[in-house]
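Step one of this worksheet: look at the structure below.
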Number of protein chains: 2
Amino acid sequence: MLPELDPLLHSQLRLAVISILIGSDEADFVFLRKATGATAGNLSVQIEKLREAGYISVEKSFRGKMPRTTCQITPEGVTAFENYVEALQNYLPK
Amino acid sequence: MLPELDPLLHSQLRLAVISILIGSDEADFVFLRKATGATAGNLSVQIEKLREAGYISVEKSFRGKMPRTTCQITPEGVTAFENYVEALQNYLPK
DNA sequence: TAAATTTGGTTCATACTATAAACTAGTTTA
DNA sequence: TAAACTAGTTTATAGTATGAACCAAATTTA
């Protein structure tokens with residue numbers, strides 16, 4: 001029987017965020033927004049969901065006088081992504 | 001920028017159905033139900049969505065006296081799946 | 001320096017999606 | 001013939017995704 005696909009990762013935007021964070025060590029809100037093409041509102045919500053789940057950590061700081069939200073994937077996030085990719089392989093052609 | 005993932009295919013159950021149909025030439029409702037572990041109601045709805053989209057064809061017949069619903073992937077379904085898989089590759093580690 | 005615009009977000013209402021419970025229609029079994 | 005089973009469909013609800021509207025501060029423009 002086909003394995004479950006972690007619903008938290010099986011969402012286009014959240015998957016995109018995690019995919020980017022796996023590749024680059026960290027990324028800020030503005031970068032993620034441009035890289036994904038998402039609206040700020042949607043991105044804000046999905047980042048919060050990933051944070052709640054413990055898949056990413058979010059740090060708020062200032063770059064000069066402007067606020068900055070930086071995201072990093074956590075070890076749990078890495079594991080979850082690896083599991084997701086492995087499960088997904090079962091749905092894809094060999 | 002990351003490509004869009006066809007929302008019709010980016011759904012666990014519909015993806016499972018298409019994935020099975022790509023592999024086997026045709027499959028009936030009962031088989032799909034067991035192979036996916038889905039409830040009949042959910043499967044019925046998702047099959048109808050795939051049919052509406054033209055990704056699968058659905059044929060109703062009788063095996064003896066019992067009704068039988070058989071599904072087959074269409075050429076459009078094959079193309080859509082191929083495109084989906086290609087788009088998805090951009091989200092996965094190389 | 002006051003007003004307008006931009007930046008970097010968050011909140012929230014709504015639209016969309018997935019899901020299973022309840023139902024239908026018929027068949028088999030006891 | 002009544003109970004239980006098969007093969008589904010319909011439908012109500014819960015969950016999810018999305019962008020419009022908002023906010024506060026910074027920057028630009030006039």
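The way I read the labels, and the way they are meant: chains A, B, ... in the order of the structure tokens, residue 1 as the first residue of every chain, and ligand 1 as the first ligand shown, with later ones counted on from there.
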If you run DSSP on the backbone here, which positions in region 26-89 of chain A get helix (DSSP H, G or I)? Please write them as a VMD selection string.
chain A and resid 29 to 36 40 to 52 75 to 89
Neighbours of chain A in chain D at 8 Å, counting only C-alpha atoms (C1' of nucleotides), as a ChimeraX atom specification
/D:17-19,26
What does the C-alpha RMSD come to when chain B is least-squares superposed onto chain A, all C-alpha atoms paired in sequence order?
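Pairing the C-alpha atoms in order and fitting gives 0.0 Å.
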Find the residues of chain C in contact range of chain A, meaning any atom within 8 Å when counting only C-alpha atoms (C1' of nucleotides), and list them as an MDAnalysis selection string.
chainID C and resid 7:10
Any idea which chain B residues end up within 6 Å of chain A if we count only C-alpha atoms, as a VMD selection string please?
chain B and resid 1 19 35 91
Just asking: which residues within chain B are strand (DSSP E) according to DSSP, as a list of chain:residue names?
B:Ala27, B:Asp28, B:Ile56, B:Ser57, B:Val58, B:Glu59, B:Lys60, B:Ser61, B:Phe62, B:Arg63, B:Met66, B:Pro67, B:Arg68, B:Thr69, B:Thr70, B:Cys71, B:Gln72, B:Ile73
Quick one: write out the picked residues with N, CA and C atoms as a PDB file, in the first residue's frame?
ATOM      1  N   ALA B  27      -7.686  -0.396 -13.894  1.00  0.00           N
ATOM      2  CA  ALA B  27      -7.902  -0.872 -12.528  1.00  0.00           C
ATOM      3  C   ALA B  27      -9.334  -0.563 -12.143  1.00  0.00           C
ATOM      4  N   ASP B  28      -9.961  -1.440 -11.383  1.00  0.00           N
ATOM      5  CA  ASP B  28     -11.343  -1.157 -11.003  1.00  0.00           C
ATOM      6  C   ASP B  28     -11.417  -0.518  -9.616  1.00  0.00           C
ATOM      7  N   ILE B  56      -8.562  10.608 -16.703  1.00  0.00           N
ATOM      8  CA  ILE B  56      -8.874   9.178 -16.756  1.00  0.00           C
ATOM      9  C   ILE B  56     -10.231   8.987 -17.447  1.00  0.00           C
ATOM     10  N   SER B  57     -10.454   7.775 -17.938  1.00  0.00           N
ATOM     11  CA  SER B  57     -11.783   7.434 -18.440  1.00  0.00           C
ATOM     12  C   SER B  57     -12.359   6.387 -17.497  1.00  0.00           C
ATOM     13  N   VAL B  58     -13.661   6.438 -17.333  1.00  0.00           N
ATOM     14  CA  VAL B  58     -14.320   5.570 -16.371  1.00  0.00           C
ATOM     15  C   VAL B  58     -15.410   4.799 -17.105  1.00  0.00           C
ATOM     16  N   GLU B  59     -15.409   3.495 -16.928  1.00  0.00           N
ATOM     17  CA  GLU B  59     -16.405   2.673 -17.607  1.00  0.00           C
ATOM     18  C   GLU B  59     -17.159   1.846 -16.578  1.00  0.00           C
ATOM     19  N   LYS B  60     -18.463   1.843 -16.696  1.00  0.00           N
ATOM     20  CA  LYS B  60     -19.279   1.079 -15.771  1.00  0.00           C
ATOM     21  C   LYS B  60     -19.858  -0.130 -16.489  1.00  0.00           C
ATOM     22  N   SER B  61     -19.710  -1.282 -15.870  1.00  0.00           N
ATOM     23  CA  SER B  61     -20.199  -2.512 -16.483  1.00  0.00           C
ATOM     24  C   SER B  61     -20.637  -3.458 -15.374  1.00  0.00           C
ATOM     25  N   PHE B  62     -20.911  -4.676 -15.722  1.00  0.00           N
ATOM     26  CA  PHE B  62     -21.254  -5.681 -14.714  1.00  0.00           C
ATOM     27  C   PHE B  62     -20.327  -6.877 -14.840  1.00  0.00           C
ATOM     28  N   ARG B  63     -19.876  -7.341 -13.683  1.00  0.00           N
ATOM     29  CA  ARG B  63     -19.119  -8.586 -13.649  1.00  0.00           C
ATOM     30  C   ARG B  63     -20.077  -9.565 -13.021  1.00  0.00           C
ATOM     31  N   MET B  66     -22.815  -8.125 -10.387  1.00  0.00           N
ATOM     32  CA  MET B  66     -22.340  -6.995  -9.592  1.00  0.00           C
ATOM     33  C   MET B  66     -21.784  -5.882 -10.469  1.00  0.00           C
ATOM     34  N   PRO B  67     -22.058  -4.637 -10.077  1.00  0.00           N
ATOM     35  CA  PRO B  67     -21.557  -3.501 -10.845  1.00  0.00           C
ATOM     36  C   PRO B  67     -20.039  -3.416 -10.748  1.00  0.00           C
ATOM     37  N   ARG B  68     -19.473  -2.832 -11.739  1.00  0.00           N
ATOM     38  CA  ARG B  68     -18.023  -2.712 -11.770  1.00  0.00           C
ATOM     39  C   ARG B  68     -17.640  -1.403 -12.444  1.00  0.00           C
ATOM     40  N   THR B  69     -16.760  -0.674 -11.790  1.00  0.00           N
ATOM     41  CA  THR B  69     -16.296   0.603 -12.323  1.00  0.00           C
ATOM     42  C   THR B  69     -14.824   0.456 -12.648  1.00  0.00           C
ATOM     43  N   THR B  70     -14.516   0.618 -13.910  1.00  0.00           N
ATOM     44  CA  THR B  70     -13.135   0.429 -14.347  1.00  0.00           C
ATOM     45  C   THR B  70     -12.545   1.757 -14.792  1.00  0.00           C
ATOM     46  N   CYS B  71     -11.322   2.011 -14.367  1.00  0.00           N
ATOM     47  CA  CYS B  71     -10.655   3.267 -14.708  1.00  0.00           C
ATOM     48  C   CYS B  71      -9.422   3.006 -15.557  1.00  0.00           C
ATOM     49  N   GLN B  72      -9.220   3.931 -16.487  1.00  0.00           N
ATOM     50  CA  GLN B  72      -8.043   3.877 -17.347  1.00  0.00           C
ATOM     51  C   GLN B  72      -7.487   5.273 -17.475  1.00  0.00           C
ATOM     52  N   ILE B  73      -6.187   5.387 -17.525  1.00  0.00           N
ATOM     53  CA  ILE B  73      -5.607   6.709 -17.731  1.00  0.00           C
ATOM     54  C   ILE B  73      -5.732   7.056 -19.214  1.00  0.00           C
TER      55      ILE B  73
END
Fewer than 2 positions away in the same chain doesn't count, so skip those; otherwise give me all residues within 10 Å of DA21 (chain C), counting only C-alpha atoms (C1' of nucleotides), as a PyMOL selection string.
(chain B and resi 41) or (chain C and resi 19+23) or (chain D and resi 11-13)
Create the file for the chosen residues now, containing N, CA, C and O atoms (P, O5', C5', C4', C3', O3' and C1' of nucleotides) and written as a PDB file, in the first residue's frame.
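File produced: selection21.pdb:
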ATOM      1  N   GLY B  41     -16.115   6.669  -0.381  1.00  0.00           N
ATOM      2  CA  GLY B  41     -16.626   8.004  -0.658  1.00  0.00           C
ATOM      3  C   GLY B  41     -15.547   8.922  -1.205  1.00  0.00           C
ATOM      4  O   GLY B  41     -15.731   9.574  -2.234  1.00  0.00           O
TER       5      GLY B  41
ATOM      6  P    DT C  19      -7.629  13.491   2.010  1.00  0.00           P
ATOM      7  O5'  DT C  19      -8.973  13.130   2.769  1.00  0.00           O
ATOM      8  C5'  DT C  19      -9.177  13.670   4.078  1.00  0.00           C
ATOM      9  C4'  DT C  19     -10.566  13.344   4.540  1.00  0.00           C
ATOM     10  C3'  DT C  19     -10.980  11.888   4.331  1.00  0.00           C
ATOM     11  O3'  DT C  19     -10.809  11.214   5.555  1.00  0.00           O
ATOM     12  C1'  DT C  19     -12.755  13.427   3.912  1.00  0.00           C
ATOM     13  P    DC C  23     -28.831   8.518   6.950  1.00  0.00           P
ATOM     14  O5'  DC C  23     -28.869   8.023   5.431  1.00  0.00           O
ATOM     15  C5'  DC C  23     -28.984   9.008   4.402  1.00  0.00           C
ATOM     16  C4'  DC C  23     -28.617   8.403   3.063  1.00  0.00           C
ATOM     17  C3'  DC C  23     -29.545   7.299   2.588  1.00  0.00           C
ATOM     18  O3'  DC C  23     -30.435   7.842   1.612  1.00  0.00           O
ATOM     19  C1'  DC C  23     -27.247   6.890   2.053  1.00  0.00           C
TER      20       DC C  23
ATOM     21  P    DT D  11     -26.894  15.120  -2.794  1.00  0.00           P
ATOM     22  O5'  DT D  11     -26.156  15.241  -1.383  1.00  0.00           O
ATOM     23  C5'  DT D  11     -26.635  14.524  -0.258  1.00  0.00           C
ATOM     24  C4'  DT D  11     -25.819  14.935   0.957  1.00  0.00           C
ATOM     25  C3'  DT D  11     -25.564  16.440   1.043  1.00  0.00           C
ATOM     26  O3'  DT D  11     -25.570  16.783   2.413  1.00  0.00           O
ATOM     27  C1'  DT D  11     -23.525  15.339   1.105  1.00  0.00           C
ATOM     28  P    DA D  12     -26.312  18.162   2.856  1.00  0.00           P
ATOM     29  O5'  DA D  12     -25.769  18.316   4.344  1.00  0.00           O
ATOM     30  C5'  DA D  12     -25.691  17.160   5.190  1.00  0.00           C
ATOM     31  C4'  DA D  12     -24.408  17.234   5.987  1.00  0.00           C
ATOM     32  C3'  DA D  12     -24.065  18.638   6.489  1.00  0.00           C
ATOM     33  O3'  DA D  12     -23.822  18.550   7.878  1.00  0.00           O
ATOM     34  C1'  DA D  12     -22.206  17.703   5.321  1.00  0.00           C
ATOM     35  P    DT D  13     -23.413  19.856   8.745  1.00  0.00           P
ATOM     36  O5'  DT D  13     -21.841  19.606   8.925  1.00  0.00           O
ATOM     37  C5'  DT D  13     -21.387  18.309   9.257  1.00  0.00           C
ATOM     38  C4'  DT D  13     -19.871  18.280   9.189  1.00  0.00           C
ATOM     39  C3'  DT D  13     -19.216  19.531   9.782  1.00  0.00           C
ATOM     40  O3'  DT D  13     -18.152  19.090  10.585  1.00  0.00           O
ATOM     41  C1'  DT D  13     -18.342  19.119   7.642  1.00  0.00           C
TER      42       DT D  13
END
Coordinates-based distance that separates C1' of DC22 (chain D) from C1' of DA4 (chain C) (Å, one decimal):
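Separating C1' of DA4 (chain C) from C1' of DC22 (chain D) is a distance of 17.6 Å.
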Quick one: residues within 9 Å of DT5 (chain C), only C-alpha atoms (C1' of nucleotides) counted, chain neighbours fewer than 2 positions away excluded, as a JSON list (two decimals) with N, CA, C and O atoms (P, O5', C5', C4', C3', O3' and C1' of nucleotides), in the first residue's frame?
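Written out: selection.json:
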[["chain", "number", "residue", "atom", "x", "y", "z"],
["D", 27, "DT", "P", 15.22, 53.76, 6.35],
["D", 27, "DT", "O5'", 14.54, 54.34, 5.04],
["D", 27, "DT", "C5'", 14.03, 53.44, 4.06],
["D", 27, "DT", "C4'", 13.33, 54.23, 2.99],
["D", 27, "DT", "C3'", 14.18, 55.37, 2.42],
["D", 27, "DT", "O3'", 14.36, 55.09, 1.05],
["D", 27, "DT", "C1'", 11.95, 56.06, 2.85],
["D", 28, "DT", "P", 15.30, 55.98, 0.15],
["D", 28, "DT", "O5'", 14.21, 56.82, -0.65],
["D", 28, "DT", "C5'", 13.16, 56.10, -1.32],
["D", 28, "DT", "C4'", 12.08, 57.08, -1.75],
["D", 28, "DT", "C3'", 12.60, 58.25, -2.58],
["D", 28, "DT", "O3'", 11.91, 58.21, -3.82],
["D", 28, "DT", "C1'", 11.12, 59.01, -0.88],
["D", 29, "DT", "P", 12.23, 59.24, -4.96],
["D", 29, "DT", "O5'", 11.10, 60.35, -4.72],
["D", 29, "DT", "C5'", 9.73, 59.94, -4.69],
["D", 29, "DT", "C4'", 8.86, 61.17, -4.48],
["D", 29, "DT", "C3'", 9.27, 62.39, -5.29],
["D", 29, "DT", "O3'", 8.09, 62.95, -5.88],
["D", 29, "DT", "C1'", 9.11, 62.99, -3.01]]
